[in-house]
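The file model27.pdb comes next; it holds PDB, C-alpha atoms, pLDDT in the B column.
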ATOM      1  CA  MET A 103      13.782  -5.809  -5.336  1.00 52.00           C
ATOM      2  CA  ALA A 104      14.534  -2.907  -3.018  1.00 45.00           C
ATOM      3  CA  GLN A 105      18.161  -3.908  -2.641  1.00 45.00           C
ATOM      4  CA  ASP A 106      19.723  -0.531  -3.456  1.00 48.00           C
ATOM      5  CA  SER A 107      17.344   2.228  -4.507  1.00 46.00           C
ATOM      6  CA  HIS A 108      15.079   1.863  -1.495  1.00 46.00           C
ATOM      7  CA  LEU A 109      17.679   0.834   1.104  1.00 46.00           C
ATOM      8  CA  SER A 110      17.392   4.011   3.198  1.00 48.00           C
ATOM      9  CA  GLU A 111      13.608   3.792   3.110  1.00 52.00           C
ATOM     10  CA  THR A 112      13.763   0.172   4.254  1.00 47.00           C
ATOM     11  CA  PHE A 113      16.128   1.058   7.105  1.00 45.00           C
ATOM     12  CA  ASP A 114      13.638   3.601   8.407  1.00 58.00           C
ATOM     13  CA  ARG A 115      10.537   1.455   7.995  1.00 70.00           C
ATOM     14  CA  GLU A 116      11.321  -2.134   8.934  1.00 85.00           C
ATOM     15  CA  GLU A 117      12.078  -3.733  12.280  1.00 93.00           C
ATOM     16  CA  LEU A 118      15.748  -4.030  13.163  1.00 96.00           C
ATOM     17  CA  GLY A 119      15.621  -7.841  13.070  1.00 97.00           C
ATOM     18  CA  VAL A 120      14.091  -7.787   9.584  1.00 97.00           C
ATOM     19  CA  ARG A 121      16.670  -5.315   8.317  1.00 96.00           C
ATOM     20  CA  PHE A 122      19.438  -7.531   9.688  1.00 97.00           C
ATOM     21  CA  VAL A 123      18.109 -10.626   7.890  1.00 97.00           C
ATOM     22  CA  ASN A 124      17.840  -8.593   4.692  1.00 96.00           C
ATOM     23  CA  THR A 125      21.593  -8.004   4.591  1.00 97.00           C
ATOM     24  CA  VAL A 126      21.433 -11.125   2.416  1.00 97.00           C
ATOM     25  CA  ALA A 127      19.892 -10.384  -0.972  1.00 93.00           C
ATOM     26  CA  TRP A 128      18.398 -12.863  -3.464  1.00 94.00           C
ATOM     27  CA  ARG A 129      17.919 -15.563  -0.832  1.00 94.00           C
ATOM     28  CA  LEU A 130      15.686 -17.630  -3.126  1.00 93.00           C
ATOM     29  CA  ARG A 131      18.064 -17.499  -6.102  1.00 92.00           C
ATOM     30  CA  LYS A 132      21.775 -17.096  -5.453  1.00 93.00           C
ATOM     31  CA  PRO A 133      22.254 -15.487  -2.019  1.00 95.00           C
ATOM     32  CA  GLU A 134      24.340 -12.319  -2.011  1.00 96.00           C
ATOM     33  CA  ASP A 135      25.741 -11.323   1.371  1.00 97.00           C
ATOM     34  CA  ARG A 136      25.864  -7.545   1.736  1.00 96.00           C
ATOM     35  CA  ALA A 137      27.801  -7.817   5.016  1.00 97.00           C
ATOM     36  CA  ALA A 138      30.275 -10.551   4.137  1.00 97.00           C
ATOM     37  CA  SER A 139      33.319  -9.269   6.056  1.00 98.00           C
ATOM     38  CA  PRO A 140      33.766  -8.282   9.712  1.00 98.00           C
ATOM     39  CA  GLU A 141      34.281  -4.671   8.639  1.00 97.00           C
ATOM     40  CA  ALA A 142      31.185  -4.601   6.412  1.00 97.00           C
ATOM     41  CA  MET A 143      29.069  -6.137   9.175  1.00 98.00           C
ATOM     42  CA  LEU A 144      30.355  -3.612  11.681  1.00 96.00           C
ATOM     43  CA  ILE A 145      29.620  -0.681   9.367  1.00 96.00           C
ATOM     44  CA  TRP A 146      26.113  -2.057   8.834  1.00 96.00           C
ATOM     45  CA  LEU A 147      25.574  -2.063  12.600  1.00 95.00           C
ATOM     46  CA  ALA A 148      26.611   1.584  12.713  1.00 93.00           C
ATOM     47  CA  ASP A 149      24.306   2.476   9.803  1.00 93.00           C
ATOM     48  CA  ALA A 150      21.482   0.701  11.649  1.00 92.00           C
ATOM     49  CA  GLY A 151      22.005   3.010  14.632  1.00 89.00           C
ATOM     50  CA  LEU A 152      23.590   0.511  17.017  1.00 91.00           C
ATOM     51  CA  THR A 153      26.813   2.404  17.592  1.00 89.00           C
ATOM     52  CA  ASP A 154      28.779   5.447  16.494  1.00 88.00           C
ATOM     53  CA  ARG A 155      31.701   5.909  14.142  1.00 88.00           C
ATOM     54  CA  ARG A 156      34.206   6.470  16.939  1.00 89.00           C
ATOM     55  CA  THR A 157      33.391   3.097  18.464  1.00 91.00           C
ATOM     56  CA  ILE A 158      33.643   1.487  15.028  1.00 93.00           C
ATOM     57  CA  ALA A 159      37.127   2.946  14.609  1.00 94.00           C
ATOM     58  CA  GLN A 160      38.160   1.683  18.056  1.00 93.00           C
ATOM     59  CA  ILE A 161      36.919  -1.835  17.346  1.00 95.00           C
ATOM     60  CA  MET A 162      38.601  -1.960  13.941  1.00 96.00           C
ATOM     61  CA  ALA A 163      41.876  -0.777  15.456  1.00 96.00           C
ATOM     62  CA  ARG A 164      41.615  -3.570  18.011  1.00 95.00           C
ATOM     63  CA  TRP A 165      40.927  -6.086  15.256  1.00 97.00           C
ATOM     64  CA  LYS A 166      44.185  -5.198  13.502  1.00 96.00           C
ATOM     65  CA  LYS A 167      45.993  -6.576  16.543  1.00 96.00           C
ATOM     66  CA  ALA A 168      43.524  -9.445  17.039  1.00 96.00           C
ATOM     67  CA  PRO A 169      42.187 -10.636  13.644  1.00 96.00           C
ATOM     68  CA  ARG A 170      40.799 -13.784  15.271  1.00 97.00           C
ATOM     69  CA  GLU A 171      38.389 -11.605  17.259  1.00 96.00           C
ATOM     70  CA  ALA A 172      37.100 -10.105  13.997  1.00 97.00           C
ATOM     71  CA  ARG A 173      36.557 -13.518  12.426  1.00 97.00           C
ATOM     72  CA  LEU A 174      34.767 -14.807  15.527  1.00 97.00           C
ATOM     73  CA  PHE A 175      32.492 -11.755  15.557  1.00 97.00           C
ATOM     74  CA  LEU A 176      31.495 -12.300  11.931  1.00 98.00           C
ATOM     75  CA  LYS A 177      30.829 -15.988  12.572  1.00 98.00           C
ATOM     76  CA  LYS A 178      28.519 -15.198  15.480  1.00 97.00           C
ATOM     77  CA  ALA A 179      26.788 -12.394  13.580  1.00 98.00           C
ATOM     78  CA  VAL A 180      26.080 -14.688  10.628  1.00 98.00           C
ATOM     79  CA  GLN A 181      24.869 -17.450  12.941  1.00 98.00           C
ATOM     80  CA  LEU A 182      22.471 -15.033  14.614  1.00 98.00           C
ATOM     81  CA  ARG A 183      21.254 -13.660  11.284  1.00 98.00           C
ATOM     82  CA  GLU A 184      20.535 -17.113   9.861  1.00 98.00           C
ATOM     83  CA  ALA A 185      18.874 -18.237  13.097  1.00 98.00           C
ATOM     84  CA  ILE A 186      16.564 -15.227  13.000  1.00 98.00           C
ATOM     85  CA  TYR A 187      15.840 -15.820   9.318  1.00 98.00           C
ATOM     86  CA  GLY A 188      14.943 -19.443  10.048  1.00 98.00           C
ATOM     87  CA  LEU A 189      12.649 -18.447  12.910  1.00 98.00           C
ATOM     88  CA  PHE A 190      10.970 -15.748  10.845  1.00 98.00           C
ATOM     89  CA  LEU A 191      10.474 -18.161   7.951  1.00 97.00           C
ATOM     90  CA  ALA A 192       9.009 -20.801  10.258  1.00 98.00           C
ATOM     91  CA  ARG A 193       6.549 -18.203  11.539  1.00 97.00           C
ATOM     92  CA  ILE A 194       5.585 -17.173   8.002  1.00 97.00           C
ATOM     93  CA  LYS A 195       5.003 -20.801   6.994  1.00 96.00           C
ATOM     94  CA  SER A 196       3.361 -21.752  10.321  1.00 96.00           C
ATOM     95  CA  GLN A 197       6.019 -24.398  10.898  1.00 97.00           C
ATOM     96  CA  LYS A 198       7.782 -25.549  14.052  1.00 97.00           C
ATOM     97  CA  ALA A 199      10.861 -23.517  14.891  1.00 96.00           C
ATOM     98  CA  ASP A 200      14.272 -25.173  14.571  1.00 97.00           C
ATOM     99  CA  PRO A 201      15.516 -25.800  18.150  1.00 97.00           C
ATOM    100  CA  ARG A 202      19.075 -24.919  17.086  1.00 98.00           C
ATOM    101  CA  ALA A 203      17.924 -21.484  15.939  1.00 98.00           C
ATOM    102  CA  VAL A 204      16.171 -20.973  19.262  1.00 98.00           C
ATOM    103  CA  VAL A 205      19.364 -21.884  21.122  1.00 97.00           C
ATOM    104  CA  THR A 206      21.381 -19.392  19.064  1.00 97.00           C
ATOM    105  CA  LEU A 207      18.885 -16.600  19.686  1.00 97.00           C
ATOM    106  CA  ASN A 208      18.686 -17.410  23.398  1.00 96.00           C
ATOM    107  CA  SER A 209      22.469 -17.240  23.703  1.00 96.00           C
ATOM    108  CA  HIS A 210      22.408 -13.616  22.572  1.00 94.00           C
ATOM    109  CA  LEU A 211      19.461 -12.768  24.816  1.00 93.00           C
ATOM    110  CA  ALA A 212      21.298 -14.189  27.817  1.00 91.00           C
ATOM    111  CA  ALA A 213      24.610 -12.457  27.097  1.00 80.00           C
ATOM    112  CA  ALA A 214      25.649  -9.486  29.226  1.00 71.00           C
ATOM    113  CA  TRP A 215      25.070  -6.013  27.836  1.00 71.00           C
ATOM    114  CA  ARG A 216      28.793  -5.253  28.124  1.00 67.00           C
ATOM    115  CA  ASN A 217      28.741  -1.472  28.333  1.00 75.00           C
ATOM    116  CA  LEU A 218      25.910  -0.935  25.847  1.00 80.00           C
ATOM    117  CA  GLY A 219      22.863   1.157  26.704  1.00 83.00           C
ATOM    118  CA  LEU A 220      20.411   3.800  25.537  1.00 85.00           C
ATOM    119  CA  ALA A 221      21.287   7.435  24.988  1.00 81.00           C
ATOM    120  CA  SER A 222      19.133  10.425  24.079  1.00 80.00           C
ATOM    121  CA  SER A 223      19.638  11.874  20.591  1.00 74.00           C
ATOM    122  CA  GLN A 224      17.377  14.804  19.715  1.00 74.00           C
ATOM    123  CA  ALA A 225      13.809  13.419  19.828  1.00 75.00           C
ATOM    124  CA  ARG A 226      14.915   9.760  19.734  1.00 79.00           C
ATOM    125  CA  LEU A 227      16.693   7.167  21.815  1.00 83.00           C
ATOM    126  CA  LYS A 228      19.659   5.357  20.298  1.00 80.00           C
ATOM    127  CA  TRP A 229      21.965   2.535  21.314  1.00 81.00           C
ATOM    128  CA  ARG A 230      25.345   3.812  22.441  1.00 80.00           C
ATOM    129  CA  PRO A 231      28.378   2.428  24.324  1.00 77.00           C
ATOM    130  CA  THR A 232      28.261   3.563  27.949  1.00 75.00           C
ATOM    131  CA  SER A 233      32.007   3.155  28.392  1.00 73.00           C
ATOM    132  CA  PRO A 234      35.080   2.434  26.249  1.00 74.00           C
ATOM    133  CA  GLY A 235      35.886  -1.100  25.214  1.00 79.00           C
ATOM    134  CA  VAL A 236      32.480  -2.320  24.054  1.00 85.00           C
ATOM    135  CA  SER A 237      32.764  -5.536  22.059  1.00 90.00           C
ATOM    136  CA  ALA A 238      31.427  -5.870  18.537  1.00 93.00           C
ATOM    137  CA  GLU A 239      29.455  -8.933  19.604  1.00 93.00           C
ATOM    138  CA  ALA A 240      27.574  -6.859  22.199  1.00 91.00           C
ATOM    139  CA  LEU A 241      26.156  -4.753  19.366  1.00 93.00           C
ATOM    140  CA  LEU A 242      24.198  -7.812  18.186  1.00 95.00           C
ATOM    141  CA  LYS A 243      22.106  -7.994  21.354  1.00 93.00           C
ATOM    142  CA  PRO A 244      19.549  -5.306  20.344  1.00 94.00           C
ATOM    143  CA  ILE A 245      19.010  -7.238  17.106  1.00 96.00           C
ATOM    144  CA  ALA A 246      18.205 -10.396  19.067  1.00 96.00           C
ATOM    145  CA  TRP A 247      15.723  -8.514  21.240  1.00 95.00           C
ATOM    146  CA  SER A 248      14.154  -6.929  18.163  1.00 96.00           C
ATOM    147  CA  ALA A 249      13.627 -10.366  16.627  1.00 97.00           C
ATOM    148  CA  VAL A 250      12.053 -11.722  19.806  1.00 97.00           C
ATOM    149  CA  GLY A 251       9.796  -8.692  20.130  1.00 96.00           C
ATOM    150  CA  LEU A 252       8.516  -9.235  16.608  1.00 97.00           C
ATOM    151  CA  LEU A 253       8.119 -13.008  16.924  1.00 97.00           C
ATOM    152  CA  MET A 254       6.251 -12.771  20.218  1.00 96.00           C
ATOM    153  CA  GLY A 255       4.154  -9.725  19.366  1.00 96.00           C
ATOM    154  CA  PRO A 256       0.954  -9.106  17.379  1.00 94.00           C
ATOM    155  CA  ARG A 257       2.835  -8.036  14.249  1.00 94.00           C
ATOM    156  CA  ALA A 258       4.284 -11.526  13.758  1.00 96.00           C
ATOM    157  CA  GLN A 259       1.273 -12.470  11.643  1.00 95.00           C
ATOM    158  CA  ARG A 260       2.126  -9.607   9.281  1.00 95.00           C
ATOM    159  CA  LEU A 261       5.615 -10.949   8.552  1.00 96.00           C
ATOM    160  CA  LYS A 262       6.003 -12.050   4.920  1.00 96.00           C
ATOM    161  CA  GLN A 263       8.604 -12.948   2.293  1.00 96.00           C
ATOM    162  CA  CYS A 264       8.766 -11.193  -1.067  1.00 93.00           C
ATOM    163  CA  GLN A 265       7.129 -13.241  -3.830  1.00 89.00           C
ATOM    164  CA  ASP A 266       9.155 -11.756  -6.673  1.00 87.00           C
ATOM    165  CA  GLU A 267       9.699 -14.443  -9.315  1.00 86.00           C
ATOM    166  CA  ARG A 268      13.400 -13.627  -9.657  1.00 87.00           C
ATOM    167  CA  GLY A 269      14.095 -14.941  -6.146  1.00 89.00           C
ATOM    168  CA  CYS A 270      14.271 -11.751  -4.075  1.00 92.00           C
ATOM    169  CA  GLY A 271      13.583 -13.404  -0.737  1.00 93.00           C
ATOM    170  CA  TRP A 272      13.601 -10.225   1.352  1.00 94.00           C
ATOM    171  CA  LEU A 273      11.341 -10.232   4.371  1.00 96.00           C
ATOM    172  CA  PHE A 274       8.937  -7.424   5.237  1.00 94.00           C
ATOM    173  CA  ILE A 275       6.047  -6.560   7.523  1.00 94.00           C
ATOM    174  CA  ASP A 276       2.790  -6.153   5.661  1.00 94.00           C
ATOM    175  CA  GLU A 277       1.200  -2.967   6.958  1.00 90.00           C
ATOM    176  CA  SER A 278      -1.452  -2.810   4.228  1.00 88.00           C
ATOM    177  CA  ARG A 279      -5.070  -2.641   5.373  1.00 89.00           C
ATOM    178  CA  ALA A 280      -6.103  -5.665   3.310  1.00 87.00           C
ATOM    179  CA  GLN A 281      -3.036  -7.696   4.320  1.00 86.00           C
ATOM    180  CA  ASN A 282      -2.447  -8.633   0.679  1.00 88.00           C
ATOM    181  CA  ARG A 283       0.968  -7.147  -0.004  1.00 88.00           C
ATOM    182  CA  ARG A 284       3.151  -9.578  -1.982  1.00 88.00           C
ATOM    183  CA  TRP A 285       6.412  -7.722  -2.595  1.00 84.00           C
ATOM    184  CA  CYS A 286       9.100  -6.130  -0.466  1.00 87.00           C
ATOM    185  CA  SER A 287       8.657  -2.870  -2.374  1.00 77.00           C
ATOM    186  CA  MET A 288       6.112  -1.724  -4.938  1.00 59.00           C
ATOM    187  CA  GLY A 289       8.822   0.551  -6.330  1.00 56.00           C
ATOM    188  CA  ASP A 290      10.968  -2.419  -7.349  1.00 62.00           C
ATOM    189  CA  CYS A 291       9.686  -5.986  -7.208  1.00 83.00           C
ATOM    190  CA  GLY A 292       6.026  -4.944  -7.397  1.00 47.00           C
ATOM    191  CA  ASN A 293       6.453  -2.785 -10.490  1.00 54.00           C
ATOM    192  CA  LEU A 294       8.582  -5.411 -12.223  1.00 48.00           C
ATOM    193  CA  ALA A 295       5.969  -8.088 -11.582  1.00 43.00           C
ATOM    194  CA  LYS A 296       3.231  -5.865 -12.976  1.00 49.00           C
ATOM    195  CA  SER A 297       5.355  -5.029 -16.020  1.00 49.00           C
ATOM    196  CA  ARG A 298       5.947  -8.729 -16.718  1.00 47.00           C
ATOM    197  CA  ARG A 299       2.230  -9.482 -16.472  1.00 47.00           C
ATOM    198  CA  HIS A 300       1.425  -6.571 -18.801  1.00 39.00           C
ATOM    199  CA  TYR A 301       4.016  -7.759 -21.328  1.00 39.00           C
ATOM    200  CA  HIS A 302       2.658 -11.311 -21.196  1.00 41.00           C
ATOM    201  CA  ARG A 303      -0.913 -10.162 -21.786  1.00 44.00           C
ATOM    202  CA  ALA A 304       0.169  -7.926 -24.679  1.00 41.00           C
ATOM    203  CA  SER A 305       2.236 -10.685 -26.307  1.00 47.00           C
ATOM    204  CA  THR A 306      -0.639 -13.173 -26.235  1.00 51.00           C
ATOM    205  CA  LYS A 307      -3.166 -10.881 -27.943  1.00 52.00           C
TER     206      LYS A 307
END

Would you write the structure of this file as structure tokens?
Amino acid sequence: MAQDSHLSETFDREELGVRFVNTVAWRLRKPEDRAASPEAMLIWLADAGLTDRRTIAQIMARWKKAPREARLFLKKAVQLREAIYGLFLARIKSQKADPRAVVTLNSHLAAAWRNLGLASSQARLKWRPTSPGVSAEALLKPIAWSAVGLLMGPRAQRLKQCQDERGCGWLFIDESRAQNRRWCSMGDCGNLAKSRRHYHRASTK
């Protein structure tokens, strides 16, 4: 599983919505939330390129005076993450989407941008606050749009879940020519699966 050693690589390669869902590791075994606190979730958003460190510091300072705001942000972030996961999984399994997940995603699509916009950074565009006072919840909006773009676009059929036997559960977009990729990362889950098969064959000879 590419939970640690390939994290930077995954950040660069996968869609924002997929990366957000994958903040939960081992979904098919014993889920491990890698963004389990308001602060951890906020830092993840910064690492994902949705804001800068100065804004993070401002939001955290505000949370010290209003801890309820921090708890509410985390609740809404987790709700969005699990709604996106459910919608992605339904697409992978060709099942009907849960209406409650659709409602949650729509609520973030309909929300105001609240002082969040694009800014030029070298040869790229990044999300940046356009004025002071941006809310942490507003930083979730690009994630919602990323998820919708993937679900409604041609790459939706390439969305898969890692088949590692240990219960990895990470999602990924299969960019292989043959469309037969089974693992989130050949460097982790793929190699381990091959090693297990090799050991089994050797032990039965």

Tell me, counting all atoms listed in the file, for each residue of segment 178-251 of chain A within 7 Å of segment 141-159 of chain A, which pair of atoms is nearest and how far apart they are in Å to one decimal, in rows ordered by chain and increasing number, as CSV.
residue,atom,partner,partner_atom,distance
A:Lys228,CA,A:Gly151,CA,6.6
A:Trp229,CA,A:Leu152,CA,5.0
A:Arg230,CA,A:Thr153,CA,5.3
A:Pro231,CA,A:Thr153,CA,6.9
A:Leu241,CA,A:Leu152,CA,6.3

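Taking atom CA of Ile275 of chain A and atom CA of Arg121 of chain A as endpoints, the distance between them is 10.7 Å.
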
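Minimum atom-to-atom distance to Leu189 of chain A, evaluated using all atoms listed in the file, belongs to A:Arg202 out of A:Arg284, A:Arg279, A:Arg202, A:His210.
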
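Here atom CA of Cys291 of chain A stands at a distance of 10.0 Å from atom CA of Gly269 of chain A.
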
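The set of residues that the PyMOL selection byres ((chain A and resi 286) around 6) takes from this file is Cys264, Phe274, Trp285 and Ser287 of chain A.
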
Item checked: Residues near segment 193-200 of chain A, cut-off 9 Å, all atoms listed in the file, skip fewer than 4 positions along chain, as number ranges by chain -> A: 185, 188-189, 204-205, 253, 258-263

Next item on the list: Determine the nearest neighbour of Ala137 of chain A from the options A:Met162, A:Gln224, A:Glu239, A:Ala179, counting all atoms listed in the file.
Entry: A:Ala179

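Coordinates place atom CA of Arg173 of chain A at a distance of 6.5 Å from atom CA of Pro140 of chain A.
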
Notebook entry, point to check: So which residues touch Lys132 of chain A within 12 Å, counting only C-alpha atoms, skipping near sequence neighbours fewer than 5 positions away, as number ranges by chain?
Noted result: A: 126-127, 268-271

Check: Which residue gives the smallest distance to Thr232 of chain A among A:Leu220, A:Leu273, A:Leu191, A:Ala213, with only C-alpha atoms counted?
Finding: A:Leu220

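Of the residues listed (A:Leu118, A:Ala221, A:Ala238, A:Val123), A:Ala238 shows the shortest atom-to-atom separation from Leu176 of chain A; distances use all atoms listed in the file.
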
Next item on the list: Go through A:Glu171, A:Asn217, A:Arg136, A:Arg283 and flag the residue nearest Ser233 of chain A, using only C-alpha atoms for the distances.
Entry: A:Asn217

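Counting only C-alpha atoms and comparing A:Ala138, A:Thr206, A:Trp272, A:Ile186, the residue that lies closest to Ser248 of chain A is A:Ile186.
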
Model the absent atoms of segment 202-222 of chain A so that N, CA and C atoms are present, and write the result as a compact mmCIF listing (two decimals), in the coordinates of the input.
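In the end it all went to result-v8.txt:
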# COMPACT_ATOMS: atom_id res chain seq x y z
N ARG A 202 17.71 -25.48 17.14
CA ARG A 202 19.08 -24.92 17.09
C ARG A 202 19.03 -23.41 16.90
N ALA A 203 18.07 -22.93 16.12
CA ALA A 203 17.92 -21.48 15.94
C ALA A 203 17.48 -20.82 17.24
N VAL A 204 16.63 -21.50 17.97
CA VAL A 204 16.17 -20.97 19.26
C VAL A 204 17.34 -20.88 20.23
N VAL A 205 18.19 -21.89 20.24
CA VAL A 205 19.36 -21.88 21.12
C VAL A 205 20.29 -20.72 20.78
N THR A 206 20.52 -20.51 19.49
CA THR A 206 21.38 -19.39 19.06
C THR A 206 20.81 -18.06 19.50
N LEU A 207 19.51 -17.86 19.29
CA LEU A 207 18.89 -16.60 19.69
C LEU A 207 18.93 -16.43 21.19
N ASN A 208 18.65 -17.48 21.93
CA ASN A 208 18.69 -17.41 23.40
C ASN A 208 20.07 -17.05 23.93
N SER A 209 21.11 -17.53 23.23
CA SER A 209 22.47 -17.24 23.70
C SER A 209 22.77 -15.75 23.65
N HIS A 210 22.20 -15.07 22.67
CA HIS A 210 22.41 -13.62 22.57
C HIS A 210 21.51 -12.86 23.56
N LEU A 211 20.34 -13.40 23.83
CA LEU A 211 19.46 -12.77 24.82
C LEU A 211 20.06 -12.86 26.22
N ALA A 212 20.75 -13.96 26.48
CA ALA A 212 21.30 -14.19 27.82
C ALA A 212 22.63 -13.50 28.04
N ALA A 213 23.29 -13.07 26.97
CA ALA A 213 24.61 -12.46 27.10
C ALA A 213 24.53 -11.12 27.84
N ALA A 214 25.60 -10.76 28.50
CA ALA A 214 25.65 -9.49 29.23
C ALA A 214 25.63 -8.33 28.24
N TRP A 215 25.14 -7.18 28.72
CA TRP A 215 25.07 -6.01 27.84
C TRP A 215 26.45 -5.46 27.52
N ARG A 216 27.40 -5.64 28.40
CA ARG A 216 28.79 -5.25 28.12
C ARG A 216 28.92 -3.80 27.68
N ASN A 217 28.53 -2.92 28.55
CA ASN A 217 28.74 -1.47 28.33
C ASN A 217 27.94 -0.89 27.18
N LEU A 218 26.77 -1.46 26.90
CA LEU A 218 25.91 -0.94 25.85
C LEU A 218 24.58 -0.53 26.46
N GLY A 219 24.12 0.68 26.15
CA GLY A 219 22.86 1.16 26.70
C GLY A 219 22.22 2.20 25.81
N LEU A 220 21.13 2.79 26.30
CA LEU A 220 20.41 3.80 25.54
C LEU A 220 20.94 5.19 25.84
N ALA A 221 20.89 6.03 24.82
CA ALA A 221 21.29 7.44 24.99
C ALA A 221 20.30 8.31 24.23
N SER A 222 20.06 9.50 24.73
CA SER A 222 19.13 10.42 24.08
C SER A 222 19.82 11.12 22.91
